[in-house]
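Visitor: Below you'll find the structure I mean.
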Amino acid sequence: MTTKHHDRHDLAAIAADLAPTGVLRASINLGNPVLAQGTPEAPAGITVDLAREIGRRLGLPVETLCFDAARKSFEAMTDGRADLCFLAVDPAREKEVAFTAPYVVIEGVYAVPRDSPLTTVEDIDTPGVRVGVKQGSAYDLHLTRALAHATVVRGAEGVDTFRTLDLEAGAGIRQPMAAYVAAHPEVRLIDGRFMEIRQAVGTTTDRAPETVAYLRSLIEELKRNGFVADALRRSDQDPALVAP
């Protein structure tokens, strides 16, 4: 099903289901610089562009609710303050969020002190290794499940937690982690990734099946027609991050 096959009646029903207040309220995570930039008053980036395009297609005004962490963005969605969210697909979230397919895939990577004996992704999961993560982030959720021997240490920012507490490693998304390492030569990235972070659009699971299907088909269309790549380019992000 493509979005082109919806008539005005269908779209009106979808708009009413998705935005019961008459305004499409989009939860934006400014804590992920690949997805959103700017300020709460003037946010920008691919997630803001996607929210506005969904609103345009459905004839709805768009309100952005900005947060500094995915956890807070998720909570705004689940407690009824937002209609749309832009989060990484994760089993812990899928109980409450109906996701589209990913529109962007980014990598989770580790940073360690330059003189650290840890050299591979596998080395991290050993007893005595403490990994700093941003609380409630996709990689916090993933590493909490995946690490059998290392310890996850949560804070406001993974790399700050790693440095402030003098931990053995920090986890984060590749682009800001690479920028941090470039500015701090005493830290290096470990080669490879520990996860692929699949960023998708979501709404609550109690929305009508037609509404969820509409969002899913629209995201596929916006990947195919170049909208997603163009939005990444406009916000100085790598257009190669578009999900397949």
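Just so we're on the same page: first chain in the structure tokens is A, next is B, and so on; residues restart at 1 for each chain, and ligands are numbered from 1 in the order they show up.
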Residues of chain A classed as alpha helix (DSSP H) by DSSP on the backbone are to be reported as a PyMOL selection string.
Guide: chain A and resi 8-18+46-58+70-78+91-94+121-124+138-146+158-164+174-183+209-224+227-234
Visitor: Need the shell around Ile124 of chain A: protein/DNA/RNA residues with any atom at most 7 Å away, counting only C-alpha atoms. Skip same-chain ones fewer than 5 positions apart. Format as a PyMOL selection string?
Guide: chain A and resi 118+129+150
Visitor: Pull C-alpha atoms from the residues just selected and write them as a compact mmCIF listing (two decimals), in the first residue's frame.
Guide:
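Result saved to again.txt:
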# COMPACT_ATOMS: atom_id res chain seq x y z
CA LEU A 118 41.17 -2.98 25.18
CA VAL A 129 35.26 -3.30 32.57
CA ALA A 150 31.14 -5.87 31.83
Visitor: For a test of reading the model, state the distance in Å between atom CA of Leu60 of chain A and atom CA of Val104 of chain A, rounded to one decimal.
Guide: 24.4 Å
Visitor: Skipping near chain neighbours, those fewer than 4 positions away, what residues fall within 10 Å of Arg174 of chain A using only C-alpha atoms, listed as a PyMOL selection string?
Guide: chain A and resi 34+106-111+178-180+189+192-193
Visitor: Skip Val242 of chain A itself and residues of its chain fewer than 6 positions away, then list as a ChimeraX atom specification all residues within 10 Å of it, counting only C-alpha atoms.
Guide: /A:102-106,199,223-224,226-230,232
Visitor: Determine the nearest neighbour of Glu220 of chain A from the options A:Ser235, A:Thr100, A:Thr204, A:Thr119, counting only C-alpha atoms.
Guide: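 Closest candidate: A:Thr100.
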Visitor: Rank A:Gly172, A:Pro244, A:Pro127, A:Gly59 by their smallest atom-to-atom distance to Arg8 of chain A, using only C-alpha atoms, and report the top residue only.
Guide: A:Gly59
Visitor: At a cut-off of 10 Å, using only C-alpha atoms, what residues contact segment 94-96 of chain A? Leave out same-chain residues fewer than 6 positions from it and give the result as a VMD selection string.
Guide: chain A and resid 74 77 to 78 202 to 206
Visitor: For those residues, write all heavy atoms to a file as an mmCIF file, in the first residue's frame.
Guide:
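Okay, this is what ended up in selection.cif:
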data_model
loop_
_atom_site.group_PDB
_atom_site.id
_atom_site.type_symbol
_atom_site.label_atom_id
_atom_site.label_comp_id
_atom_site.auth_asym_id
_atom_site.auth_seq_id
_atom_site.Cartn_x
_atom_site.Cartn_y
_atom_site.Cartn_z
ATOM 1 N N PHE A 74 10.598 9.258 24.723
ATOM 2 C CA PHE A 74 9.756 8.054 24.823
ATOM 3 C C PHE A 74 8.644 8.257 25.863
ATOM 4 O O PHE A 74 7.481 7.931 25.626
ATOM 5 C CB PHE A 74 10.648 6.863 25.203
ATOM 6 C CG PHE A 74 9.910 5.587 25.503
ATOM 7 C CD1 PHE A 74 9.323 4.846 24.489
ATOM 8 C CD2 PHE A 74 9.812 5.120 26.807
ATOM 9 C CE1 PHE A 74 8.647 3.653 24.773
ATOM 10 C CE2 PHE A 74 9.153 3.941 27.101
ATOM 11 C CZ PHE A 74 8.570 3.203 26.072
ATOM 12 N N MET A 77 5.794 10.352 24.711
ATOM 13 C CA MET A 77 4.944 9.569 23.813
ATOM 14 C C MET A 77 3.983 8.672 24.609
ATOM 15 O O MET A 77 2.775 8.645 24.362
ATOM 16 C CB MET A 77 5.896 8.699 22.986
ATOM 17 C CG MET A 77 5.257 7.813 22.036
ATOM 18 S SD MET A 77 4.938 8.725 20.563
ATOM 19 C CE MET A 77 3.494 7.895 20.167
ATOM 20 N N THR A 78 4.542 7.963 25.579
ATOM 21 C CA THR A 78 3.733 6.960 26.286
ATOM 22 C C THR A 78 2.773 7.586 27.295
ATOM 23 O O THR A 78 1.766 6.981 27.635
ATOM 24 C CB THR A 78 4.626 5.917 26.988
ATOM 25 O OG1 THR A 78 5.536 6.591 27.863
ATOM 26 C CG2 THR A 78 5.432 5.117 25.972
ATOM 27 N N GLY A 202 7.649 6.430 15.262
ATOM 28 C CA GLY A 202 6.723 5.616 16.051
ATOM 29 C C GLY A 202 5.528 6.396 16.543
ATOM 30 O O GLY A 202 5.573 7.622 16.670
ATOM 31 N N THR A 203 4.460 5.662 16.808
ATOM 32 C CA THR A 203 3.309 6.202 17.513
ATOM 33 C C THR A 203 2.870 5.137 18.513
ATOM 34 O O THR A 203 3.464 4.056 18.561
ATOM 35 C CB THR A 203 2.179 6.603 16.534
ATOM 36 O OG1 THR A 203 1.180 7.329 17.258
ATOM 37 C CG2 THR A 203 1.543 5.395 15.841
ATOM 38 N N THR A 204 1.859 5.410 19.315
ATOM 39 C CA THR A 204 1.487 4.421 20.332
ATOM 40 C C THR A 204 0.776 3.228 19.690
ATOM 41 O O THR A 204 0.135 3.359 18.644
ATOM 42 C CB THR A 204 0.579 5.043 21.408
ATOM 43 O OG1 THR A 204 -0.506 5.706 20.747
ATOM 44 C CG2 THR A 204 1.341 6.035 22.267
ATOM 45 N N THR A 205 0.905 2.080 20.327
ATOM 46 C CA THR A 205 0.360 0.837 19.766
ATOM 47 C C THR A 205 -1.164 0.806 19.767
ATOM 48 O O THR A 205 -1.770 -0.062 19.137
ATOM 49 C CB THR A 205 0.879 -0.386 20.552
ATOM 50 O OG1 THR A 205 0.664 -0.146 21.951
ATOM 51 C CG2 THR A 205 2.355 -0.619 20.318
ATOM 52 N N ASP A 206 -1.809 1.774 20.453
ATOM 53 C CA ASP A 206 -3.279 1.776 20.444
ATOM 54 C C ASP A 206 -3.866 2.578 19.272
ATOM 55 O O ASP A 206 -5.084 2.721 19.161
ATOM 56 C CB ASP A 206 -3.836 2.288 21.781
ATOM 57 C CG ASP A 206 -3.382 3.707 22.110
ATOM 58 O OD1 ASP A 206 -2.676 4.334 21.283
ATOM 59 O OD2 ASP A 206 -3.719 4.189 23.215
#
Visitor: Apply DSSP to the backbone of this structure and, from segment 83-186 of chain A, keep only the residues in strand (DSSP E or B); write these as a PyMOL selection string.
Guide: chain A and resi 84-88+97-99+104-113+130-134+151-155+169-173
Visitor: Could you take the residues named above and write them with N, CA, C and O atoms, as a short mmCIF file (atom, residue, chain, number, x, y, z; two decimals), in the first residue's frame?
Guide:
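Done, and the output landed in again_3.cif:
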data_model
loop_
_atom_site.label_atom_id
_atom_site.label_comp_id
_atom_site.auth_asym_id
_atom_site.auth_seq_id
_atom_site.Cartn_x
_atom_site.Cartn_y
_atom_site.Cartn_z
N LEU A 84 3.73 11.50 17.96
CA LEU A 84 4.77 10.89 17.13
C LEU A 84 6.08 10.92 17.89
O LEU A 84 6.35 11.89 18.62
N CYS A 85 6.91 9.89 17.70
CA CYS A 85 8.26 9.93 18.25
C CYS A 85 9.25 9.45 17.20
O CYS A 85 8.88 8.82 16.20
N PHE A 86 10.52 9.75 17.42
CA PHE A 86 11.61 9.37 16.52
C PHE A 86 12.66 8.70 17.39
O PHE A 86 13.48 9.37 18.02
N LEU A 87 12.60 7.38 17.45
CA LEU A 87 13.42 6.62 18.38
C LEU A 87 14.04 5.42 17.69
O LEU A 87 13.58 4.99 16.63
N ALA A 88 15.06 4.86 18.33
CA ALA A 88 15.62 3.60 17.83
C ALA A 88 14.67 2.46 18.18
O ALA A 88 14.12 2.40 19.27
N VAL A 97 5.24 1.19 21.63
CA VAL A 97 5.40 2.00 20.42
C VAL A 97 5.30 1.12 19.17
O VAL A 97 5.96 0.09 19.08
N ALA A 98 4.43 1.54 18.23
CA ALA A 98 4.35 0.89 16.91
C ALA A 98 5.31 1.64 16.00
O ALA A 98 5.13 2.84 15.74
N PHE A 99 6.36 0.96 15.54
CA PHE A 99 7.41 1.59 14.74
C PHE A 99 7.21 1.36 13.24
O PHE A 99 6.70 0.32 12.83
N VAL A 104 16.89 5.69 9.09
CA VAL A 104 18.33 5.93 9.22
C VAL A 104 18.91 4.82 10.09
O VAL A 104 18.26 4.36 11.04
N VAL A 105 20.11 4.38 9.75
CA VAL A 105 20.83 3.41 10.58
C VAL A 105 22.16 4.03 10.98
O VAL A 105 22.95 4.45 10.12
N ILE A 106 22.40 4.14 12.30
CA ILE A 106 23.68 4.66 12.79
C ILE A 106 24.34 3.58 13.65
O ILE A 106 23.71 2.59 14.00
N GLU A 107 25.61 3.77 13.96
CA GLU A 107 26.36 2.73 14.66
C GLU A 107 26.65 3.11 16.10
O GLU A 107 26.92 4.28 16.41
N GLY A 108 26.60 2.12 16.96
CA GLY A 108 27.03 2.28 18.34
C GLY A 108 28.49 1.86 18.45
O GLY A 108 28.86 0.78 17.99
N VAL A 109 29.32 2.73 19.03
CA VAL A 109 30.76 2.45 19.12
C VAL A 109 31.26 2.73 20.54
O VAL A 109 30.60 3.41 21.33
N TYR A 110 32.45 2.20 20.83
CA TYR A 110 33.08 2.39 22.13
C TYR A 110 34.28 3.34 22.02
O TYR A 110 35.03 3.29 21.03
N ALA A 111 34.46 4.15 23.05
CA ALA A 111 35.70 4.92 23.23
C ALA A 111 36.41 4.39 24.47
O ALA A 111 35.76 3.98 25.44
N VAL A 112 37.74 4.41 24.42
CA VAL A 112 38.55 3.97 25.56
C VAL A 112 39.73 4.94 25.70
O VAL A 112 40.07 5.66 24.76
N PRO A 113 40.39 4.97 26.88
CA PRO A 113 41.61 5.76 26.98
C PRO A 113 42.64 5.28 25.96
O PRO A 113 42.69 4.09 25.62
N ARG A 130 33.99 -1.29 33.06
CA ARG A 130 32.78 -0.49 33.28
C ARG A 130 32.57 0.41 32.07
O ARG A 130 33.51 1.07 31.62
N VAL A 131 31.33 0.40 31.55
CA VAL A 131 31.02 1.13 30.32
C VAL A 131 30.03 2.26 30.63
O VAL A 131 28.92 2.01 31.12
N GLY A 132 30.42 3.49 30.34
CA GLY A 132 29.54 4.64 30.54
C GLY A 132 28.54 4.76 29.40
O GLY A 132 28.93 4.70 28.24
N VAL A 133 27.26 4.90 29.74
CA VAL A 133 26.21 5.05 28.71
C VAL A 133 25.26 6.17 29.11
O VAL A 133 25.16 6.54 30.28
N LYS A 134 24.56 6.70 28.11
CA LYS A 134 23.50 7.68 28.37
C LYS A 134 22.26 6.91 28.82
O LYS A 134 21.78 6.02 28.10
N THR A 151 30.16 -4.10 33.17
CA THR A 151 29.13 -3.41 33.94
C THR A 151 28.72 -2.12 33.22
O THR A 151 29.59 -1.35 32.80
N VAL A 152 27.42 -1.90 33.08
CA VAL A 152 26.91 -0.67 32.49
C VAL A 152 26.75 0.38 33.59
O VAL A 152 26.15 0.12 34.63
N VAL A 153 27.31 1.57 33.34
CA VAL A 153 27.20 2.69 34.29
C VAL A 153 26.45 3.81 33.57
O VAL A 153 26.90 4.30 32.54
N ARG A 154 25.30 4.20 34.12
CA ARG A 154 24.42 5.16 33.43
C ARG A 154 24.62 6.58 33.94
O ARG A 154 24.84 6.78 35.13
N GLY A 155 24.49 7.53 33.02
CA GLY A 155 24.58 8.94 33.39
C GLY A 155 23.85 9.79 32.36
O GLY A 155 23.18 9.27 31.47
N ALA A 169 35.56 2.30 29.60
CA ALA A 169 35.04 2.54 28.25
C ALA A 169 33.80 3.43 28.31
O ALA A 169 33.12 3.51 29.34
N GLY A 170 33.51 4.07 27.19
CA GLY A 170 32.27 4.82 27.03
C GLY A 170 31.60 4.36 25.75
O GLY A 170 32.27 3.99 24.79
N ALA A 171 30.28 4.38 25.74
CA ALA A 171 29.53 3.96 24.55
C ALA A 171 28.74 5.15 24.02
O ALA A 171 28.30 6.01 24.78
N GLY A 172 28.54 5.15 22.70
CA GLY A 172 27.75 6.23 22.10
C GLY A 172 27.55 5.99 20.62
O GLY A 172 27.92 4.94 20.10
N ILE A 173 26.98 7.00 19.93
CA ILE A 173 26.78 6.87 18.49
C ILE A 173 28.00 7.43 17.76
O ILE A 173 28.66 8.35 18.24
#
Visitor: Pick from A:Ala76, A:Ile190, A:Val62, A:Leu141: nearest to Ser116 of chain A, with only C-alpha atoms counted?
Guide: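 So, comparing all the options, the nearest one is A:Ile190.
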Visitor: In terms of the shortest atom-to-atom distance over only C-alpha atoms, which of A:Val201, A:Leu241, A:Arg57, A:Gly22 is closest to Asp10 of chain A?
Guide: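 Distance minimum relative to Asp10 of chain A lands on A:Arg57.
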Visitor: What's around Gln135 of chain A at 8 Å? Count only C-alpha atoms, leave out sequence neighbours fewer than 4 positions away in its own chain, and write the answer as a PDB file with C-alpha atoms, in the first residue's frame.
Guide:
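The result, stored in part-v9.pdb:
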ATOM      1  CA  ARG A  71      14.189   8.259  27.441  1.00  0.00           C
ATOM      2  CA  ASP A 140      21.915   1.488  27.166  1.00  0.00           C
ATOM      3  CA  ARG A 154      24.425   5.158  33.429  1.00  0.00           C
ATOM      4  CA  GLY A 155      24.578   8.939  33.386  1.00  0.00           C
ATOM      5  CA  ALA A 156      23.346  12.040  31.559  1.00  0.00           C
ATOM      6  CA  GLU A 157      25.898  11.487  28.743  1.00  0.00           C
ATOM      7  CA  GLY A 158      27.848   8.292  28.047  1.00  0.00           C
TER       8      GLY A 158
END
